[in-house]
Structures are given as structure tokens and as C-alpha cells.
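Trainee: The structure that follows is given in the form of C-alpha cells.
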Amino acid sequence: MRVRRALLFMPGDSRSKIEKGAALGVDSIIMDLEDGVALNNKPAARASIAAALREVEFGSTERLVRINPVGGEFYADDLMATVAARPDGYVLPKVESAQQIEIVSEWLFQAEAEYGFPQGSIALLPIVESARGIVNLREIAGADPRVAALIFGAEDFAGDVGAIRTSEGKEVLYARSAVVTHAKAFNVQAVDTVYLKLDDTPGLIAETRFCLELGFTGKLAIHPRQVAPMQAVFTPTPDEVAAARRLIEAHEAHQAAGTGAFALDGKMVDMPIIRAAQSVLARAEAATRS
Ligand code: COA
Ligand code: MG
């Protein structure tokens with residue numbers, strides 16, 4: 001599975017931001033056609049994204065395009081104008097049903113056949129950002145094998161339910177946890193919402209750390225400055241890797257001697273702790289592959 005620690009948004013009509021994003025070493029970039037682009041500039045943004053996909057060198061950065069909501073007036077043109085230039089995936093905003101994902105997936109099968117791309121190769125990353133979307137998470141998470149990650153959108157969600165955003169985010173904790181739980185139940189990645197303050201690295205790191213602790217595998221970014229701190233939070237430190245290895249080695253020695261639970265440094269260790277250590281090693285391994 002591809003590592004997606006930071007996914008950097010930029011307006012699709014800004015070639016300079018796309019080029020800047022492509023050179024940052026970020027895991028994924030999301031070229032936006034939805035709310036980051038003015039209504040009268042959607043056609044220009046579609047053309048700009050298609051040209052960038054063909055011309056810009058993205059290295060190992062994943063190239064994603066956020067289209068407009070499926071079922072609305074713009075998404076079909078968004079897909080038609082960009083698919084031939086072969087993005088790695090589409091980010092779908094305001095997803096509330098499995099049907100919205102199916103519509104795009106089926107359309108993509110036709111396009112993949114037409115352009116000779118491998119069937120099913122274009123990924124889908126739905127954003128769940130409404131009360132109805134949260135209530136329907138189960139059908140959304142399991143809608144289609146193309147779904148690679150569930151993304152939580154806190155600002156739209158808060159607006160939809162009439163919540164007032166706070167810096168601690170207690171008003172979105174239920175929805176945030178629901179997204180990560182459903183993602184894990186369906187074996188896909190979980191990506192957290194944007195951090196709106198552009199000049200607050202300590203706050204960004206704290207919120208990213210909180211999301212990591214909840215189980216998220218990545219977070220949306222909106223400014224180049226957010227990328228490195230975010231990717232660092234999702235990458236285990238050498239000390240964390242060493243501690244995880246030591247736990248697993250002790251566990252293996254105890255298993256060989258016929259013991260399950262044991263004590264290490266004054267703490268009980270059993271299978272859930274070992275699984276957590278394995279997940280640290282898996283994250284470290286994924287980060288080195290990126
Ligand atoms: N992706 C790539 N490059 C970006 C960027 C982004 N998201 N945000 C800023 N940059 C670039 C700027 O173009 C500028 O480049 P330059 O030095 O070559 O001129 C540099 O980074 C510094 O930018 P800065 O002046 O600090 O920010 P700004 O005022 O130009 O832009 C925003 C501020 C919020 C408009 C911008 O960060 C942005 O467009 N963010 C993404 C918005 C978006 O996509 N929203 C929809 C999803 S929520
Ligand atoms: Mg939004």
C-alpha cells in the first residue's frame with residue numbers, strides 16, 4: 001500500500017503551486033477543482049490540471065485530483081477533462097452514499113478501457129464531511145475496491161451539523177473517530193482534515209500527533225510549510241523503532257519459552273501491545289519505501 005502521510009491541496013488553476021507541490025517530496029498532492037477554485041474558473045482549472053499531469057515531473061509524489069461533488073453539475077466535466085492525462089486517483093468531496101462512488105468507478109472502468117490503462121488502477125479517496133456521510137460510513141467504506149482511503153473533512157462537517165469549531169476539536173471527535181474506525185474495518189487508510197492556521201507549526205504538530213494517536217495514517221495539508229512536520233509525525237523515530245523491535249524480540253523469546261503475557265520495564269506486555277509495536281515497524285518500513 002502506498003504511504004500517504006501528507007496530502008497537499010492546491011487550487012487546480014495554479015500551475016505555479018502545482019509545480020511547487022511536485023518538487024516538495026510530499027507523499028501526495030491534490031489538485032483541486034472544487035471549493036479552492038472559483039466557479040468561473042473551473043474550465044481553466046481542468047485544462048491546467050490536465051496539462052500539469054502531462055508536463056510536470058512529480059517524482060514519487062502521488063497525483064490526485066479533487067473533482068466536484070458527484071451528482072452535481074460539474075463532476076462529469078471534471079472527469080472527462082482530466083482522465084486521459086491519467087491521474088493516480090480522484091478525491092471525491094461530500095460523499096454521502098456508496099452510489100456516488102459506484103458512479104465514478106463504473107465511469108472509470110470505461111475510461112481505463114478506452115485509454116488502455118489497467119482496469120481498476122485509478123484510486124478513489126472519498127471525503128466524508130456531512131452528518132449523512134458519517135451515518136453512511138459503512139456503505140461508503142465498503143463501496144468499491146478502488147477506495148484507498150477515507151478522508152475526514154471537519155469544516156464542512158461542523159457546518160452541516162451546526163457545530164462550532166474549537167481548537168481542541170471535541171465537537172468533531174465522534175465523526176473523526178467514526179471515520180478512522182470504518183477505514184480500519186474495511187482495511188483502507190484514514191486521512192484527517194486540514195489544519196487551517198498556516199503559521200502555527202506547534203499547533204499543527206499537536207493536532208497531527210492527536211490524529212496519529214486516534215489511528216489516522218495521514219492528514220490533509222494546505223501549505224508547503226505543513227508538509228515536513230506532518231510527514232515527520234507519521235514517521236516513527238529511531239527510538240520508537242528500537243523500542244518496538246525490543247518488545248517484539250522479548251515477545252518472541254517468551255513465546256519460544258511458552259509464556260504469553262510478560263513484564264518488561266514494569267509494564268505488562270501481551271498481544272495488543274505487540275500488534276502496536278508491529279504497526280510502528282510497518283509505518284517505519286512504509287516511510288522508507290516512500
Ligand atoms: N501548494 C503549493 N504551493 C503553495 C501552496 C500550496 N497549497 N500554498 C502556497 N504555496 C506557495 C506559494 O505559491 C508561494 O510560492 P512562491 O514563493 O514561489 O511565490 C509559497 O508557497 C509561499 O506561499 P505564501 O505566500 O505563504 O501563501 P499564499 O498567500 O501564496 O497562499 C493560500 C495562501 C492559503 C492561498 C495557499 O496556501 C493555498 O492555495 N492553499 C491551498 C488552498 C486549497 O487548495 N484549498 C482547497 C482545499 S481546503
Ligand atoms: Mg470542503
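So you can find residues: chains in the C-alpha cells are A, B, ... in the order shown, residues in each start at 1, and ligands are numbered from 1 in order.
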Can you list every residue in range 119-288 of chain A that DSSP puts in strand (DSSP E or B), as a list in words?
Mentor: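 DSSP on the backbone gives strand (DSSP E or B) at Ala123, Leu124, Leu125, Pro126, Ile127, Val128, Val147, Ala149, Leu150, Ile151, Phe152, Gln189, Ala190, Val191, Asp192, Gly218, Lys219, Leu220, Ala221, Phe262, Ala263, Leu264, Lys267, Met268 and Val269 of chain A.
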Trainee: Please save N, CA and C atoms of the selected residues as a PDB file, in the first residue's frame.
Mentor:
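Here's the written file part_22.pdb:
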ATOM      1  N   ALA A 123      -7.365   5.186  -8.308  1.00  0.00           N
ATOM      2  CA  ALA A 123      -7.894   5.062  -6.939  1.00  0.00           C
ATOM      3  C   ALA A 123      -8.956   6.121  -6.657  1.00  0.00           C
ATOM      4  N   LEU A 124      -9.770   5.870  -5.653  1.00  0.00           N
ATOM      5  CA  LEU A 124     -10.748   6.849  -5.183  1.00  0.00           C
ATOM      6  C   LEU A 124     -10.558   7.093  -3.691  1.00  0.00           C
ATOM      7  N   LEU A 125     -10.586   8.376  -3.313  1.00  0.00           N
ATOM      8  CA  LEU A 125     -10.443   8.751  -1.899  1.00  0.00           C
ATOM      9  C   LEU A 125     -11.618   9.650  -1.525  1.00  0.00           C
ATOM     10  N   PRO A 126     -12.696   9.066  -0.995  1.00  0.00           N
ATOM     11  CA  PRO A 126     -13.862   9.878  -0.634  1.00  0.00           C
ATOM     12  C   PRO A 126     -13.619  10.723   0.614  1.00  0.00           C
ATOM     13  N   ILE A 127     -14.122  11.958   0.570  1.00  0.00           N
ATOM     14  CA  ILE A 127     -14.123  12.798   1.780  1.00  0.00           C
ATOM     15  C   ILE A 127     -15.508  12.691   2.403  1.00  0.00           C
ATOM     16  N   VAL A 128     -15.535  12.349   3.676  1.00  0.00           N
ATOM     17  CA  VAL A 128     -16.796  12.279   4.399  1.00  0.00           C
ATOM     18  C   VAL A 128     -16.853  13.515   5.271  1.00  0.00           C
ATOM     19  N   VAL A 147     -11.546   2.244  -3.472  1.00  0.00           N
ATOM     20  CA  VAL A 147     -11.427   3.142  -2.308  1.00  0.00           C
ATOM     21  C   VAL A 147     -10.135   2.803  -1.559  1.00  0.00           C
ATOM     22  N   ALA A 149      -8.645   5.186   0.711  1.00  0.00           N
ATOM     23  CA  ALA A 149      -8.595   5.896   1.995  1.00  0.00           C
ATOM     24  C   ALA A 149      -9.919   6.607   2.197  1.00  0.00           C
ATOM     25  N   LEU A 150     -10.293   6.782   3.459  1.00  0.00           N
ATOM     26  CA  LEU A 150     -11.400   7.667   3.809  1.00  0.00           C
ATOM     27  C   LEU A 150     -10.788   8.941   4.365  1.00  0.00           C
ATOM     28  N   ILE A 151     -11.302  10.077   3.918  1.00  0.00           N
ATOM     29  CA  ILE A 151     -10.793  11.364   4.381  1.00  0.00           C
ATOM     30  C   ILE A 151     -11.885  12.040   5.207  1.00  0.00           C
ATOM     31  N   PHE A 152     -11.493  12.589   6.353  1.00  0.00           N
ATOM     32  CA  PHE A 152     -12.453  13.326   7.179  1.00  0.00           C
ATOM     33  C   PHE A 152     -12.335  14.822   6.900  1.00  0.00           C
ATOM     34  N   GLN A 189      -6.895   3.297   4.291  1.00  0.00           N
ATOM     35  CA  GLN A 189      -6.224   4.320   5.094  1.00  0.00           C
ATOM     36  C   GLN A 189      -7.224   5.370   5.583  1.00  0.00           C
ATOM     37  N   ALA A 190      -6.835   6.072   6.644  1.00  0.00           N
ATOM     38  CA  ALA A 190      -7.672   7.134   7.198  1.00  0.00           C
ATOM     39  C   ALA A 190      -6.871   8.433   7.189  1.00  0.00           C
ATOM     40  N   VAL A 191      -7.463   9.465   6.582  1.00  0.00           N
ATOM     41  CA  VAL A 191      -6.762  10.746   6.409  1.00  0.00           C
ATOM     42  C   VAL A 191      -7.561  11.839   7.112  1.00  0.00           C
ATOM     43  N   ASP A 192      -6.889  12.598   7.950  1.00  0.00           N
ATOM     44  CA  ASP A 192      -7.571  13.629   8.729  1.00  0.00           C
ATOM     45  C   ASP A 192      -7.690  14.952   7.964  1.00  0.00           C
ATOM     46  N   GLY A 218      -2.679   9.584   7.839  1.00  0.00           N
ATOM     47  CA  GLY A 218      -2.240  10.772   7.123  1.00  0.00           C
ATOM     48  C   GLY A 218      -3.166  11.937   7.397  1.00  0.00           C
ATOM     49  N   LYS A 219      -2.778  13.098   6.832  1.00  0.00           N
ATOM     50  CA  LYS A 219      -3.555  14.320   7.074  1.00  0.00           C
ATOM     51  C   LYS A 219      -3.477  15.211   5.837  1.00  0.00           C
ATOM     52  N   LEU A 220      -4.542  15.960   5.611  1.00  0.00           N
ATOM     53  CA  LEU A 220      -4.558  16.916   4.504  1.00  0.00           C
ATOM     54  C   LEU A 220      -3.697  18.128   4.858  1.00  0.00           C
ATOM     55  N   ALA A 221      -2.942  18.625   3.884  1.00  0.00           N
ATOM     56  CA  ALA A 221      -2.132  19.833   4.077  1.00  0.00           C
ATOM     57  C   ALA A 221      -2.601  20.894   3.086  1.00  0.00           C
ATOM     58  N   PHE A 262       3.942 -11.098  29.600  1.00  0.00           N
ATOM     59  CA  PHE A 262       5.143 -10.986  30.430  1.00  0.00           C
ATOM     60  C   PHE A 262       5.309  -9.522  30.839  1.00  0.00           C
ATOM     61  N   ALA A 263       6.273  -9.267  31.717  1.00  0.00           N
ATOM     62  CA  ALA A 263       6.518  -7.892  32.159  1.00  0.00           C
ATOM     63  C   ALA A 263       7.820  -7.392  31.554  1.00  0.00           C
ATOM     64  N   LEU A 264       7.793  -6.135  31.079  1.00  0.00           N
ATOM     65  CA  LEU A 264       9.020  -5.508  30.560  1.00  0.00           C
ATOM     66  C   LEU A 264       9.022  -4.058  31.066  1.00  0.00           C
ATOM     67  N   LYS A 267       5.943  -2.964  32.939  1.00  0.00           N
ATOM     68  CA  LYS A 267       4.620  -2.918  32.282  1.00  0.00           C
ATOM     69  C   LYS A 267       4.272  -4.290  31.719  1.00  0.00           C
ATOM     70  N   MET A 268       2.969  -4.626  31.763  1.00  0.00           N
ATOM     71  CA  MET A 268       2.528  -5.873  31.186  1.00  0.00           C
ATOM     72  C   MET A 268       2.551  -5.789  29.654  1.00  0.00           C
ATOM     73  N   VAL A 269       3.062  -6.834  29.036  1.00  0.00           N
ATOM     74  CA  VAL A 269       3.061  -6.890  27.576  1.00  0.00           C
ATOM     75  C   VAL A 269       2.293  -8.131  27.148  1.00  0.00           C
TER      76      VAL A 269
END
Trainee: Enumerate, in order of chain and increasing residue number, the residues of chain A with an atom no farther than 6 Å from ligand 1, each with its shortest atom pair and distance in Å to one decimal, counting only C-alpha atoms and all ligand atoms, as a Markdown table.
Mentor:
| residue | atom | partner | partner_atom_place_in_ligand_line | distance |
| --- | --- | --- | --- | --- |
| A:Phe9 | CA | ligand 1 | 44 (O) | 4.3 |
| A:Met10 | CA | ligand 1 | 44 (O) | 3.5 |
| A:Pro11 | CA | ligand 1 | 44 (O) | 4.4 |
| A:Lys17 | CA | ligand 1 | 2 (C) | 3.7 |
| A:Ile18 | CA | ligand 1 | 2 (C) | 5.7 |
| A:Lys20 | CA | ligand 1 | 3 (N) | 5.0 |
| A:Gly21 | CA | ligand 1 | 2 (C) | 4.5 |
| A:Asp32 | CA | ligand 1 | 44 (O) | 5.8 |
| A:Asp35 | CA | ligand 1 | 46 (C) | 5.7 |
| A:Gly36 | CA | ligand 1 | 46 (C) | 4.0 |
| A:Ile222 | CA | ligand 1 | 41 (C) | 4.3 |
| A:His223 | CA | ligand 1 | 7 (N) | 4.2 |
| A:Pro224 | CA | ligand 1 | 5 (C) | 5.5 |
Trainee: Which is closer to ligand 2 than all the others in A:Asp156, A:Glu57, A:Glu112, A:Glu62, using only C-alpha atoms and all ligand atoms?
Mentor: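 Under the stated criterion, the closest residue is A:Asp156.
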Trainee: Residues within 8 Å of ligand 2 (only C-alpha atoms and all ligand atoms), as a list of chain:residue names?
Mentor: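 Listed by chain and ascending number, the contacts are A:Glu34, A:Asp35, A:Pro93, A:Lys94, A:Glu129, A:Gly153, A:Glu155, A:Asp156.
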Trainee: Go ahead and write the selection's residues with C-alpha atoms as a compact mmCIF listing (two decimals), in the first residue's frame.
Mentor:
# COMPACT_ATOMS: atom_id res chain seq x y z
CA GLU A 34 -13.93 22.04 -6.03
CA ASP A 35 -14.04 24.74 -3.37
CA PRO A 93 -15.87 15.57 -1.83
CA LYS A 94 -19.11 15.45 0.18
CA GLU A 129 -17.84 15.68 5.65
CA GLY A 153 -13.48 16.91 6.42
CA GLU A 155 -15.04 22.24 8.45
CA ASP A 156 -17.85 21.10 6.18
Trainee: What's the separation between CA of Ala154 in chain A and CA of Met230 in chain A, in Å to one decimal place?
Mentor: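 CA of Met230 in chain A lies at a distance of 17.5 Å from CA of Ala154 in chain A.
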Trainee: Between A:Ala228, A:Asn136, A:Ala111, A:Ala131, single out the one closest to Ala158 in chain A, counting only C-alpha atoms.
Mentor: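 Closest candidate: A:Ala131.
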Trainee: Determine the nearest neighbour of Arg5 in chain A from the options A:Arg165, A:Arg275, A:Arg209, A:His254, counting only C-alpha atoms.
Mentor: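 Once distances to Arg5 in chain A are computed over only C-alpha atoms, the minimum belongs to A:Arg209.
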Trainee: Using only C-alpha atoms, which residue out of A:Leu92, A:Ala76, A:Leu247, A:Ile103 lies closest to Met271 in chain A?
Mentor: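 Smallest distance to Met271 in chain A is found for A:Leu247.
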Trainee: From the DSSP assignment of the backbone, select every residue of range 152-261 of chain A that is helix (DSSP H, G or I), and format the answer as a PyMOL selection string.
Mentor: chain A and resi 154-161+170-185+201-214+224-233+238-256
Trainee: Could you tell me how far CA of Ala81 in chain A sits from CA of Pro43 in chain A, in Å to one decimal place?
Mentor: 8.7 Å
Trainee: Skip Gly203 in chain A itself and residues of its chain fewer than 4 positions away, then list as a list in words all residues within 12 Å of it, counting only C-alpha atoms.
Mentor: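 These residues fall inside the cut-off: Ser167, Glu168, Tyr195, Leu196, Lys197, Leu198, Asp199, Glu207, Thr208, Arg209, Phe210, Gln226, Pro229 and Met230 of chain A.
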Trainee: For those residues, write all heavy atoms to a file as a short mmCIF file (atom, residue, chain, number, x, y, z; two decimals), in the first residue's frame.
Mentor:
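Everything below was put into selection_26.cif:
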data_model
loop_
_atom_site.label_atom_id
_atom_site.label_comp_id
_atom_site.auth_asym_id
_atom_site.auth_seq_id
_atom_site.Cartn_x
_atom_site.Cartn_y
_atom_site.Cartn_z
N SER A 167 -10.41 24.76 18.97
CA SER A 167 -9.08 24.27 18.63
C SER A 167 -8.88 22.84 19.12
O SER A 167 -8.17 22.07 18.49
CB SER A 167 -8.00 25.20 19.18
OG SER A 167 -8.25 25.48 20.52
N GLU A 168 -9.55 22.43 20.20
CA GLU A 168 -9.38 21.04 20.66
C GLU A 168 -10.18 20.07 19.79
O GLU A 168 -9.88 18.88 19.76
CB GLU A 168 -9.83 20.82 22.11
CG GLU A 168 -9.57 21.92 23.11
CD GLU A 168 -10.68 22.95 23.07
OE1 GLU A 168 -11.70 22.78 23.77
OE2 GLU A 168 -10.53 23.95 22.33
N TYR A 195 -5.55 21.54 8.61
CA TYR A 195 -5.28 22.44 9.74
C TYR A 195 -5.19 23.84 9.14
O TYR A 195 -4.27 24.14 8.37
CB TYR A 195 -3.97 22.03 10.42
CG TYR A 195 -3.72 22.77 11.72
CD1 TYR A 195 -4.46 22.46 12.85
CD2 TYR A 195 -2.75 23.76 11.80
CE1 TYR A 195 -4.24 23.14 14.05
CE2 TYR A 195 -2.52 24.43 13.00
CZ TYR A 195 -3.28 24.11 14.11
OH TYR A 195 -3.06 24.77 15.30
N LEU A 196 -6.16 24.68 9.48
CA LEU A 196 -6.32 25.94 8.74
C LEU A 196 -5.27 27.01 9.03
O LEU A 196 -5.02 27.87 8.19
CB LEU A 196 -7.71 26.52 9.03
CG LEU A 196 -8.90 25.74 8.44
CD1 LEU A 196 -10.20 26.36 8.89
CD2 LEU A 196 -8.82 25.68 6.92
N LYS A 197 -4.67 26.96 10.24
CA LYS A 197 -3.69 28.01 10.58
C LYS A 197 -2.37 27.74 9.86
O LYS A 197 -1.73 26.71 10.09
CB LYS A 197 -3.46 28.03 12.09
CG LYS A 197 -4.67 28.49 12.87
CD LYS A 197 -4.32 28.61 14.35
CE LYS A 197 -5.58 28.60 15.20
NZ LYS A 197 -5.30 28.13 16.57
N LEU A 198 -2.00 28.68 9.00
CA LEU A 198 -0.84 28.44 8.12
C LEU A 198 0.49 28.65 8.84
O LEU A 198 1.51 28.13 8.42
CB LEU A 198 -0.92 29.37 6.91
CG LEU A 198 -2.18 29.24 6.04
CD1 LEU A 198 -2.21 30.31 4.96
CD2 LEU A 198 -2.26 27.85 5.41
N ASP A 199 0.46 29.43 9.92
CA ASP A 199 1.73 29.80 10.59
C ASP A 199 1.80 29.25 12.01
O ASP A 199 2.30 29.91 12.91
CB ASP A 199 1.86 31.33 10.66
CG ASP A 199 1.94 31.93 9.27
OD1 ASP A 199 2.75 31.44 8.49
OD2 ASP A 199 1.16 32.86 9.00
N GLU A 207 -1.91 18.65 16.65
CA GLU A 207 -3.13 18.06 16.08
C GLU A 207 -2.80 16.80 15.27
O GLU A 207 -3.53 15.81 15.31
CB GLU A 207 -3.88 19.08 15.21
CG GLU A 207 -5.21 18.51 14.73
CD GLU A 207 -6.11 19.51 14.05
OE1 GLU A 207 -6.68 20.35 14.77
OE2 GLU A 207 -6.24 19.45 12.81
N THR A 208 -1.67 16.84 14.55
CA THR A 208 -1.29 15.67 13.75
C THR A 208 -0.98 14.49 14.68
O THR A 208 -1.37 13.36 14.41
CB THR A 208 -0.08 16.01 12.86
OG1 THR A 208 -0.38 17.19 12.11
CG2 THR A 208 0.22 14.88 11.88
N ARG A 209 -0.29 14.80 15.78
CA ARG A 209 0.03 13.76 16.77
C ARG A 209 -1.25 13.14 17.33
O ARG A 209 -1.38 11.93 17.49
CB ARG A 209 0.89 14.38 17.88
CG ARG A 209 1.24 13.50 19.02
CD ARG A 209 2.41 12.58 18.69
NE ARG A 209 2.30 11.36 19.48
CZ ARG A 209 3.07 10.29 19.30
NH1 ARG A 209 4.01 10.28 18.39
NH2 ARG A 209 2.91 9.23 20.04
N PHE A 210 -2.23 14.01 17.63
CA PHE A 210 -3.52 13.54 18.15
C PHE A 210 -4.17 12.58 17.14
O PHE A 210 -4.69 11.52 17.50
CB PHE A 210 -4.42 14.75 18.43
CG PHE A 210 -5.82 14.40 18.82
CD1 PHE A 210 -6.08 13.68 19.98
CD2 PHE A 210 -6.89 14.78 18.01
CE1 PHE A 210 -7.40 13.34 20.33
CE2 PHE A 210 -8.19 14.46 18.36
CZ PHE A 210 -8.45 13.73 19.52
N GLN A 226 3.50 23.01 5.88
CA GLN A 226 2.89 21.99 6.75
C GLN A 226 3.39 20.58 6.46
O GLN A 226 3.22 19.68 7.28
CB GLN A 226 1.36 22.02 6.58
CG GLN A 226 0.71 23.33 7.04
CD GLN A 226 -0.80 23.27 6.93
OE1 GLN A 226 -1.36 22.64 6.04
NE2 GLN A 226 -1.49 23.95 7.85
N PRO A 229 6.66 18.83 8.76
CA PRO A 229 6.28 18.47 10.13
C PRO A 229 5.24 17.34 10.18
O PRO A 229 5.31 16.45 11.02
CB PRO A 229 5.68 19.75 10.72
CG PRO A 229 6.02 20.85 9.78
CD PRO A 229 6.44 20.26 8.48
N MET A 230 4.29 17.39 9.25
CA MET A 230 3.24 16.38 9.23
C MET A 230 3.81 15.00 8.92
O MET A 230 3.52 14.02 9.58
CB MET A 230 2.27 16.77 8.13
CG MET A 230 0.85 16.70 8.49
SD MET A 230 -0.04 17.27 7.04
CE MET A 230 -0.89 18.61 7.73
#
Trainee: Pick out the residues sitting within 8 Å of Leu212 in chain A, and hand them over as an mmCIF file with all heavy atoms, in the first residue's frame; count only C-alpha atoms, and ignore anything fewer than 5 positions along from it in its own chain.
Mentor:
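Saved to around_19.cif:
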data_model
loop_
_atom_site.group_PDB
_atom_site.id
_atom_site.type_symbol
_atom_site.label_atom_id
_atom_site.label_comp_id
_atom_site.auth_asym_id
_atom_site.auth_seq_id
_atom_site.Cartn_x
_atom_site.Cartn_y
_atom_site.Cartn_z
ATOM 1 N N THR A 217 -3.665 7.601 9.377
ATOM 2 C CA THR A 217 -2.389 7.309 8.700
ATOM 3 C C THR A 217 -1.859 8.533 7.964
ATOM 4 O O THR A 217 -0.732 8.525 7.486
ATOM 5 C CB THR A 217 -2.584 6.163 7.699
ATOM 6 O OG1 THR A 217 -3.732 6.453 6.890
ATOM 7 C CG2 THR A 217 -2.827 4.849 8.425
ATOM 8 N N GLY A 218 -2.679 9.584 7.839
ATOM 9 C CA GLY A 218 -2.240 10.772 7.123
ATOM 10 C C GLY A 218 -3.166 11.937 7.397
ATOM 11 O O GLY A 218 -4.191 11.795 8.078
ATOM 12 N N VAL A 233 5.621 13.529 11.842
ATOM 13 C CA VAL A 233 4.784 12.958 12.913
ATOM 14 C C VAL A 233 4.354 11.533 12.555
ATOM 15 O O VAL A 233 4.316 10.659 13.418
ATOM 16 C CB VAL A 233 3.542 13.840 13.182
ATOM 17 C CG1 VAL A 233 2.552 13.127 14.107
ATOM 18 C CG2 VAL A 233 3.949 15.175 13.795
ATOM 19 N N PHE A 234 4.051 11.298 11.285
ATOM 20 C CA PHE A 234 3.583 9.969 10.868
ATOM 21 C C PHE A 234 4.730 8.986 10.634
ATOM 22 O O PHE A 234 4.492 7.849 10.263
ATOM 23 C CB PHE A 234 2.706 10.073 9.611
ATOM 24 C CG PHE A 234 1.338 10.622 9.890
ATOM 25 C CD1 PHE A 234 0.978 11.889 9.449
ATOM 26 C CD2 PHE A 234 0.409 9.885 10.611
ATOM 27 C CE1 PHE A 234 -0.290 12.402 9.712
ATOM 28 C CE2 PHE A 234 -0.856 10.385 10.879
ATOM 29 C CZ PHE A 234 -1.208 11.650 10.430
#
Trainee: CA of Arg246 in chain A to CA of Ala183 in chain A: how many Å, to one decimal?
Mentor: 29.2 Å
Trainee: If you count only C-alpha atoms, which residues fall within 12 Å of Thr237 in chain A, apart from same-chain ones fewer than 6 positions away, as a PyMOL selection string?
Mentor: chain A and resi 231+243-244+280-281+283-285+287-288
Trainee: Can you tell me, as number ranges by chain, what residues are no more than 12 Å from Gln255 in chain A when counting only C-alpha atoms, ignoring any on the same chain fewer than 4 positions away?
Mentor: A: 248-251, 259-262, 269-271, 274
Trainee: Find, counting only C-alpha atoms, the residue in A:Ala51, A:Gly59, A:Gly159, A:Asn68 that gets nearest to Ala85 in chain A.
Mentor: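 Of the candidates, the smallest distance to Ala85 in chain A is held by A:Ala51.
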Trainee: My list of candidates is A:Leu137, A:Ala22, A:Leu173, A:Met80. Which is closest to Ala47 in chain A when distances are computed with only C-alpha atoms?
Mentor: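 Among the listed residues, the smallest separation from Ala47 in chain A belongs to A:Met80.
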Trainee: Extract, using only C-alpha atoms, all DNA, RNA and protein residues at most 12 Å from Asp77 in chain A, discarding same-chain residues fewer than 6 positions from it, and format them as JSON, numbers by chain.
Mentor: {"A": [33, 42, 43, 44, 45, 46, 47, 67, 68, 69, 70, 71, 83]}
